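Next comes structure_14.tsv, with TSV, C-alpha atoms.
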chain	number	residue	atom	x	y	z
A	1	MET	CA	-37.58	53.98	3.56
A	2	ALA	CA	-38.77	53.01	7.03
A	3	GLU	CA	-37.19	54.47	10.11
A	4	MET	CA	-34.21	52.52	11.51
A	5	THR	CA	-35.01	51.71	15.13
A	6	GLY	CA	-32.96	50.05	17.81
A	7	ARG	CA	-35.11	46.93	17.53
A	8	LYS	CA	-34.35	46.59	13.77
A	9	VAL	CA	-30.61	47.02	14.36
A	10	LEU	CA	-30.74	44.34	17.08
A	11	VAL	CA	-32.61	41.90	14.80
A	12	ILE	CA	-30.13	42.49	11.95
A	13	THR	CA	-27.12	42.03	14.27
A	14	VAL	CA	-28.48	38.88	15.95
A	15	SER	CA	-29.46	37.42	12.56
A	16	ALA	CA	-25.99	38.07	11.09
A	17	PHE	CA	-24.22	36.47	14.05
A	18	GLY	CA	-26.72	33.59	14.02
A	19	VAL	CA	-25.83	32.79	10.39
A	20	ILE	CA	-22.09	32.97	11.18
A	21	ILE	CA	-22.44	30.65	14.18
A	22	ALA	CA	-24.63	28.18	12.26
A	23	VAL	CA	-22.09	27.98	9.42
A	24	ASN	CA	-19.24	27.45	11.91
A	25	PHE	CA	-21.13	24.58	13.57
A	26	LEU	CA	-21.87	23.02	10.16
A	27	LEU	CA	-18.20	23.20	9.11
A	28	ALA	CA	-17.03	21.79	12.44
A	29	TYR	CA	-19.49	18.90	12.16
A	30	LYS	CA	-18.39	18.13	8.59
A	31	ALA	CA	-14.70	18.22	9.60
A	32	ILE	CA	-15.20	15.84	12.51
A	33	SER	CA	-17.58	13.44	10.76
A	34	THR	CA	-15.62	12.96	7.51
A	35	PHE	CA	-11.93	12.87	8.51
A	36	PRO	CA	-10.70	10.27	10.98
A	37	GLY	CA	-7.68	12.40	11.88
A	38	LEU	CA	-5.36	9.49	12.63
A	39	GLU	CA	-2.32	8.37	10.68
A	40	VAL	CA	-1.25	5.84	13.32
A	41	PRO	CA	-3.08	4.71	16.48
A	42	ASN	CA	-0.17	5.61	18.79
A	43	SER	CA	2.41	8.09	17.49
A	44	TYR	CA	4.83	7.44	20.36
A	45	VAL	CA	5.00	3.72	19.62
A	46	ALA	CA	5.37	4.40	15.88
A	47	SER	CA	8.24	6.82	16.55
A	48	GLN	CA	10.31	4.16	18.34
A	49	THR	CA	11.15	2.32	15.11
A	50	PHE	CA	10.85	5.17	12.62
A	51	ASP	CA	14.58	5.73	12.01
A	52	ALA	CA	15.35	2.02	11.61
A	53	ASP	CA	12.36	1.49	9.29
A	54	ARG	CA	13.34	4.51	7.20
A	55	ALA	CA	16.97	3.35	6.88
A	56	ALA	CA	15.86	-0.15	5.82
A	57	GLN	CA	13.49	1.29	3.22
A	58	LEU	CA	16.17	3.62	1.83
A	59	ALA	CA	18.59	0.68	1.63
A	60	LEU	CA	16.16	-1.08	-0.72
A	61	GLY	CA	16.70	1.71	-3.26
A	62	TRP	CA	13.18	1.34	-4.62
A	63	SER	CA	11.24	4.08	-6.34
A	64	LEU	CA	7.56	4.17	-7.12
A	65	ALA	CA	5.60	5.90	-9.88
A	66	ALA	CA	1.82	6.01	-10.13
A	67	ASP	CA	-0.32	6.81	-13.15
A	68	TYR	CA	-4.06	6.85	-13.71
A	69	ASP	CA	-5.75	6.39	-17.08
A	70	HIS	CA	-9.10	8.14	-16.69
A	71	GLY	CA	-10.47	6.83	-20.00
A	72	ALA	CA	-9.78	3.18	-19.16
A	73	SER	CA	-10.25	3.62	-15.37
A	74	ILE	CA	-6.93	1.90	-14.65
A	75	LEU	CA	-4.51	2.73	-11.84
A	76	GLU	CA	-0.90	1.73	-12.54
A	77	LEU	CA	2.00	1.42	-10.12
A	78	VAL	CA	5.59	0.88	-11.25
A	79	PHE	CA	8.19	-0.18	-8.67
A	80	THR	CA	11.84	0.03	-9.74
A	81	ASP	CA	15.05	-0.80	-7.91
A	82	ALA	CA	18.22	1.33	-7.79
A	83	GLY	CA	19.29	0.03	-11.21
A	84	GLY	CA	15.95	0.85	-12.87
A	85	ALA	CA	14.84	-2.79	-13.11
A	86	PRO	CA	11.43	-3.92	-11.79
A	87	ALA	CA	11.60	-4.31	-8.02
A	88	PRO	CA	10.73	-7.70	-6.47
A	89	VAL	CA	7.52	-6.62	-4.71
A	90	GLY	CA	5.54	-8.88	-2.41
A	91	ASP	CA	2.41	-8.40	-0.29
A	92	LEU	CA	1.21	-5.23	-2.02
A	93	SER	CA	-1.54	-3.25	-0.27
A	94	VAL	CA	-2.79	0.11	-1.51
A	95	LEU	CA	-5.32	2.40	0.15
A	96	VAL	CA	-6.87	4.85	-2.33
A	97	GLY	CA	-8.92	7.67	-0.88
A	98	ARG	CA	-9.43	11.38	-0.57
A	99	PRO	CA	-6.90	13.21	1.62
A	100	THR	CA	-9.59	14.90	3.71
A	101	GLU	CA	-12.21	12.21	4.24
A	102	ALA	CA	-12.46	8.47	4.64
A	103	ARG	CA	-15.84	7.97	2.93
A	104	GLU	CA	-14.37	7.05	-0.49
A	105	ASP	CA	-11.50	4.87	0.81
A	106	ARG	CA	-10.96	1.60	-1.04
A	107	TYR	CA	-8.38	-1.15	-1.46
A	108	PRO	CA	-8.12	-2.09	-5.17
A	109	VAL	CA	-6.81	-5.48	-6.24
A	110	PHE	CA	-3.67	-5.18	-8.38
A	111	VAL	CA	-2.48	-7.61	-11.03
A	112	LYS	CA	1.21	-7.74	-11.97
A	113	ASP	CA	1.95	-7.39	-15.69
A	114	ASN	CA	5.64	-7.11	-16.79
A	115	GLY	CA	6.69	-5.28	-13.62
A	116	THR	CA	3.66	-2.94	-13.67
A	117	TYR	CA	0.83	-3.38	-11.21
A	118	ARG	CA	-2.60	-2.52	-12.62
A	119	ALA	CA	-6.01	-2.29	-10.97
A	120	PRO	CA	-9.38	-1.36	-12.45
A	121	LEU	CA	-10.57	1.64	-10.49
A	122	ALA	CA	-13.06	4.41	-11.30
A	123	LEU	CA	-11.94	7.68	-9.69
A	124	ASN	CA	-13.87	10.93	-9.79
A	125	PRO	CA	-11.97	14.10	-10.71
A	126	GLY	CA	-9.94	15.77	-7.98
A	127	LYS	CA	-7.13	15.00	-5.57
A	128	TRP	CA	-6.62	11.43	-4.37
A	129	MET	CA	-4.15	9.93	-1.91
A	130	LEU	CA	-2.41	6.58	-2.33
A	131	LYS	CA	-0.96	4.85	0.73
A	132	VAL	CA	1.19	2.11	-0.75
A	133	GLU	CA	2.67	-0.64	1.41
A	134	ALA	CA	4.74	-3.51	0.01
A	135	ARG	CA	7.30	-6.01	1.27
A	136	ALA	CA	10.67	-6.95	-0.16
A	137	PRO	CA	11.59	-10.67	-0.35
A	138	ASP	CA	13.60	-10.25	2.89
A	139	GLY	CA	10.54	-8.81	4.68
A	140	THR	CA	11.60	-5.16	4.59
A	141	ARG	CA	8.58	-2.87	4.61
A	142	PHE	CA	8.29	-0.29	1.81
A	143	PHE	CA	5.79	2.50	2.47
A	144	ARG	CA	5.03	5.53	0.36
A	145	ARG	CA	2.22	8.09	0.32
A	146	LEU	CA	1.52	9.64	-3.05
A	147	ASP	CA	-0.87	12.32	-4.23
A	148	LEU	CA	-2.73	11.67	-7.46
A	149	TYR	CA	-4.62	14.33	-9.41
A	150	VAL	CA	-7.44	13.09	-11.64
A	151	LYS	CA	-8.52	15.57	-14.29
A	152	GLY	CA	-12.19	16.04	-15.04
Transcribe the structure of this file into structure tokens.
Amino acid sequence: MAEMTGRKVLVITVSAFGVIIAVNFLLAYKAISTFPGLEVPNSYVASQTFDADRAAQLALGWSLAADYDHGASILELVFTDAGGAPAPVGDLSVLVGRPTEAREDRYPVFVKDNGTYRAPLALNPGKWMLKVEARAPDGTRFFRRLDLYVKG
């Protein structure tokens, strides 16, 4: 084994820290370039009507269930009212994407079939986020964020 000199120790130390710093820069770049980081453009403005919007949504009594059939590549949404009957949904908009990046975001087109909303959608395995926004006949906004796990 060769003699360990001060120069070799310096090269090993600088190389190790260089790898650590390079990995940190790569991870920081990936974090900034793939995740927009915004839920709303102005959180102060959004907070001004939050309580009233939440109370109106709770008064609707709606619940939402999501299911994904990987074999058929179909995403299903079922809206029900407080009595368990299909809810009268209007103006449905759904953002489907990964929770940590915006690259795979998409807005599928849903078709209503006996109270169930279905959309053809091919999703890769992993965790997906659904941001569902609908309107009641009286104009009340219904918003829900759901996590969906697609098995591989």
What are the closest atom pairs, with distances in Å to one decimal, for each residue of range 57-132 of chain A lying within 12 Å of range 30-46 of chain A, using all atoms listed in the file, rows by chain and rising residue number, as CSV?
residue,atom,partner,partner_atom,distance
A:Gly97,CA,A:Phe35,CA,11.1
A:Arg98,CA,A:Phe35,CA,9.5
A:Pro99,CA,A:Phe35,CA,8.5
A:Thr100,CA,A:Phe35,CA,5.7
A:Glu101,CA,A:Phe35,CA,4.3
A:Ala102,CA,A:Phe35,CA,5.9
A:Arg103,CA,A:Thr34,CA,6.8
A:Glu104,CA,A:Thr34,CA,10.0
A:Asp105,CA,A:Phe35,CA,11.1
A:Lys131,CA,A:Glu39,CA,10.6
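Minimum atom-to-atom distance to Phe142 in chain A, evaluated using all atoms listed in the file, belongs to A:Trp62 out of A:Trp62, A:Tyr117, A:Trp128, A:Tyr68.
Picture a line from CA of Ala65 in chain A to CA of Lys151 in chain A; it runs 17.7 Å.
Shortest separation to Asn124 in chain A among A:Gly71, A:Pro108, A:Gly84, A:Pro137 occurs at residue A:Gly71, atoms counted being only C-alpha atoms.
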Closest of A:Val78, A:Val109, A:Leu123, A:Ala55 to Asp91 in chain A - atom-to-atom distances counting all atoms listed in the file:
A:Val109
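Here CA of Glu76 in chain A and CA of Leu58 in chain A stand 22.4 Å from one another.
Residue nearest Asn114 in chain A within the list A:Leu77, A:Leu92, A:Ile20, A:Ala134: A:Leu77 [criterion: smallest interatomic distance, all atoms listed in the file].
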What's around Val150 in chain A at 7 Å? Count only C-alpha atoms, leave out sequence neighbours fewer than 5 positions away in its own chain, and write the answer as an MDAnalysis selection string.
chainID A and resid 125:127
Name the closest residue to Gly61 in chain A among the candidates A:Ile74, A:Met4, A:Ala16, A:Ala82; distances are taken between atoms, counting only C-alpha atoms.
A:Ala82
Enclose range 132-139 of chain A, meaning all of its atoms listed in the file, in a box aligned along x, y and z, pad it by 4 Å on each side, and list the centre and edge lengths in Å to one decimal, as AutoDock Vina command-line options.
--center_x 7.4 --center_y -4.3 --center_z 2.0 --size_x 20.4 --size_y 20.8 --size_z 13.4
Using only C-alpha atoms, which of A:Gly90, A:Tyr149, A:Gly18, A:Arg141 sits nearest Arg54 in chain A?
A:Arg141
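With CA of Val23 in chain A on one side and CA of Gly152 in chain A on the other, the separation reads 29.0 Å.
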Near-Asp138 in chain A list (12 Å; all atoms listed in the file; drop same-chain fewer than 5 positions) as JSON, numbers by chain:
{"A": [56, 57, 60, 88, 89, 90, 91]}
Write the residues you've just listed into a file as a PDB file, keeping the file's coordinate frame, and include C-alpha atoms for each of them.
ATOM      1  CA  ALA A  56      15.860  -0.150   5.820  1.00  0.00           C
ATOM      2  CA  GLN A  57      13.490   1.290   3.220  1.00  0.00           C
ATOM      3  CA  LEU A  60      16.160  -1.080  -0.720  1.00  0.00           C
ATOM      4  CA  PRO A  88      10.730  -7.700  -6.470  1.00  0.00           C
ATOM      5  CA  VAL A  89       7.520  -6.620  -4.710  1.00  0.00           C
ATOM      6  CA  GLY A  90       5.540  -8.880  -2.410  1.00  0.00           C
ATOM      7  CA  ASP A  91       2.410  -8.400  -0.290  1.00  0.00           C
TER       8      ASP A  91
END
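Counting all atoms listed in the file, Thr80 in chain A has the following residues at most 8 Å away, ignoring those fewer than 3 positions along the same chain: Trp62, Ser63, Leu64, Gly83, Gly84, Ala85, Pro86 and Ala87 of chain A.
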Please dump the current selection as a tab-separated table (two decimals), in the coordinates of the input; keep C-alpha atoms.
chain	number	residue	atom	x	y	z
A	62	TRP	CA	13.18	1.34	-4.62
A	63	SER	CA	11.24	4.08	-6.34
A	64	LEU	CA	7.56	4.17	-7.12
A	83	GLY	CA	19.29	0.03	-11.21
A	84	GLY	CA	15.95	0.85	-12.87
A	85	ALA	CA	14.84	-2.79	-13.11
A	86	PRO	CA	11.43	-3.92	-11.79
A	87	ALA	CA	11.60	-4.31	-8.02
Please supply range 73-84 of chain A, rebuilt with all heavy atoms, as a PDB file, keeping the file's coordinate frame.
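Listing of part.pdb after writing:
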ATOM      1  N   SER A  73     -10.051   3.828 -16.816  1.00  0.00           N
ATOM      2  CA  SER A  73     -10.250   3.620 -15.370  1.00  0.00           C
ATOM      3  C   SER A  73      -9.278   2.582 -14.830  1.00  0.00           C
ATOM      4  O   SER A  73      -9.665   1.613 -14.172  1.00  0.00           O
ATOM      5  CB  SER A  73     -11.696   3.220 -15.064  1.00  0.00           C
ATOM      6  OG  SER A  73     -12.580   4.254 -15.408  1.00  0.00           O
ATOM      7  N   ILE A  74      -7.989   2.802 -15.100  1.00  0.00           N
ATOM      8  CA  ILE A  74      -6.930   1.900 -14.650  1.00  0.00           C
ATOM      9  C   ILE A  74      -5.898   2.679 -13.844  1.00  0.00           C
ATOM     10  O   ILE A  74      -5.399   3.706 -14.298  1.00  0.00           O
ATOM     11  CB  ILE A  74      -6.225   1.217 -15.847  1.00  0.00           C
ATOM     12  CG1 ILE A  74      -7.204   0.395 -16.682  1.00  0.00           C
ATOM     13  CG2 ILE A  74      -5.041   0.376 -15.393  1.00  0.00           C
ATOM     14  CD1 ILE A  74      -7.653  -0.884 -16.041  1.00  0.00           C
ATOM     15  N   LEU A  75      -5.580   2.170 -12.663  1.00  0.00           N
ATOM     16  CA  LEU A  75      -4.510   2.730 -11.840  1.00  0.00           C
ATOM     17  C   LEU A  75      -3.285   1.844 -12.015  1.00  0.00           C
ATOM     18  O   LEU A  75      -3.375   0.624 -11.880  1.00  0.00           O
ATOM     19  CB  LEU A  75      -4.932   2.775 -10.375  1.00  0.00           C
ATOM     20  CG  LEU A  75      -3.887   3.267  -9.376  1.00  0.00           C
ATOM     21  CD1 LEU A  75      -3.461   4.697  -9.682  1.00  0.00           C
ATOM     22  CD2 LEU A  75      -4.427   3.169  -7.960  1.00  0.00           C
ATOM     23  N   GLU A  76      -2.149   2.461 -12.327  1.00  0.00           N
ATOM     24  CA  GLU A  76      -0.900   1.730 -12.540  1.00  0.00           C
ATOM     25  C   GLU A  76       0.146   2.150 -11.533  1.00  0.00           C
ATOM     26  O   GLU A  76       0.316   3.339 -11.263  1.00  0.00           O
ATOM     27  CB  GLU A  76      -0.357   1.972 -13.945  1.00  0.00           C
ATOM     28  CG  GLU A  76      -1.212   1.429 -15.045  1.00  0.00           C
ATOM     29  CD  GLU A  76      -0.585   1.625 -16.416  1.00  0.00           C
ATOM     30  OE1 GLU A  76       0.351   2.430 -16.562  1.00  0.00           O
ATOM     31  OE2 GLU A  76      -1.044   0.954 -17.343  1.00  0.00           O
ATOM     32  N   LEU A  77       0.863   1.181 -11.002  1.00  0.00           N
ATOM     33  CA  LEU A  77       2.000   1.420 -10.120  1.00  0.00           C
ATOM     34  C   LEU A  77       3.217   0.724 -10.707  1.00  0.00           C
ATOM     35  O   LEU A  77       3.135  -0.437 -11.114  1.00  0.00           O
ATOM     36  CB  LEU A  77       1.734   0.853  -8.724  1.00  0.00           C
ATOM     37  CG  LEU A  77       0.544   1.418  -7.951  1.00  0.00           C
ATOM     38  CD1 LEU A  77       0.385   0.684  -6.632  1.00  0.00           C
ATOM     39  CD2 LEU A  77       0.711   2.906  -7.722  1.00  0.00           C
ATOM     40  N   VAL A  78       4.342   1.442 -10.737  1.00  0.00           N
ATOM     41  CA  VAL A  78       5.590   0.880 -11.250  1.00  0.00           C
ATOM     42  C   VAL A  78       6.647   1.014 -10.156  1.00  0.00           C
ATOM     43  O   VAL A  78       7.023   2.123  -9.772  1.00  0.00           O
ATOM     44  CB  VAL A  78       6.050   1.588 -12.537  1.00  0.00           C
ATOM     45  CG1 VAL A  78       7.360   1.003 -13.027  1.00  0.00           C
ATOM     46  CG2 VAL A  78       4.979   1.487 -13.614  1.00  0.00           C
ATOM     47  N   PHE A  79       7.117  -0.128  -9.655  1.00  0.00           N
ATOM     48  CA  PHE A  79       8.190  -0.180  -8.670  1.00  0.00           C
ATOM     49  C   PHE A  79       9.487  -0.482  -9.405  1.00  0.00           C
ATOM     50  O   PHE A  79       9.552  -1.442 -10.172  1.00  0.00           O
ATOM     51  CB  PHE A  79       7.951  -1.295  -7.647  1.00  0.00           C
ATOM     52  CG  PHE A  79       6.789  -1.077  -6.739  1.00  0.00           C
ATOM     53  CD1 PHE A  79       5.511  -1.456  -7.123  1.00  0.00           C
ATOM     54  CD2 PHE A  79       6.962  -0.515  -5.485  1.00  0.00           C
ATOM     55  CE1 PHE A  79       4.430  -1.275  -6.281  1.00  0.00           C
ATOM     56  CE2 PHE A  79       5.896  -0.333  -4.637  1.00  0.00           C
ATOM     57  CZ  PHE A  79       4.624  -0.706  -5.033  1.00  0.00           C
ATOM     58  N   THR A  80      10.534   0.308  -9.151  1.00  0.00           N
ATOM     59  CA  THR A  80      11.840   0.030  -9.740  1.00  0.00           C
ATOM     60  C   THR A  80      12.896   0.021  -8.649  1.00  0.00           C
ATOM     61  O   THR A  80      12.766   0.716  -7.639  1.00  0.00           O
ATOM     62  CB  THR A  80      12.216   1.069 -10.819  1.00  0.00           C
ATOM     63  OG1 THR A  80      12.089   2.381 -10.266  1.00  0.00           O
ATOM     64  CG2 THR A  80      11.312   0.945 -12.038  1.00  0.00           C
ATOM     65  N   ASP A  81      13.951  -0.772  -8.878  1.00  0.00           N
ATOM     66  CA  ASP A  81      15.050  -0.800  -7.910  1.00  0.00           C
ATOM     67  C   ASP A  81      16.070   0.267  -8.283  1.00  0.00           C
ATOM     68  O   ASP A  81      15.859   1.058  -9.208  1.00  0.00           O
ATOM     69  CB  ASP A  81      15.663  -2.193  -7.818  1.00  0.00           C
ATOM     70  CG  ASP A  81      16.285  -2.656  -9.123  1.00  0.00           C
ATOM     71  OD1 ASP A  81      16.496  -1.837 -10.042  1.00  0.00           O
ATOM     72  OD2 ASP A  81      16.581  -3.869  -9.228  1.00  0.00           O
ATOM     73  N   ALA A  82      17.199   0.286  -7.582  1.00  0.00           N
ATOM     74  CA  ALA A  82      18.220   1.330  -7.790  1.00  0.00           C
ATOM     75  C   ALA A  82      18.782   1.308  -9.201  1.00  0.00           C
ATOM     76  O   ALA A  82      19.194   2.337  -9.727  1.00  0.00           O
ATOM     77  CB  ALA A  82      19.339   1.178  -6.772  1.00  0.00           C
ATOM     78  N   GLY A  83      18.779   0.149  -9.852  1.00  0.00           N
ATOM     79  CA  GLY A  83      19.290   0.030 -11.210  1.00  0.00           C
ATOM     80  C   GLY A  83      18.252   0.310 -12.288  1.00  0.00           C
ATOM     81  O   GLY A  83      18.557   0.234 -13.471  1.00  0.00           O
ATOM     82  N   GLY A  84      17.007   0.590 -11.910  1.00  0.00           N
ATOM     83  CA  GLY A  84      15.950   0.850 -12.870  1.00  0.00           C
ATOM     84  C   GLY A  84      15.182  -0.375 -13.308  1.00  0.00           C
ATOM     85  O   GLY A  84      14.266  -0.282 -14.124  1.00  0.00           O
TER      86      GLY A  84
END
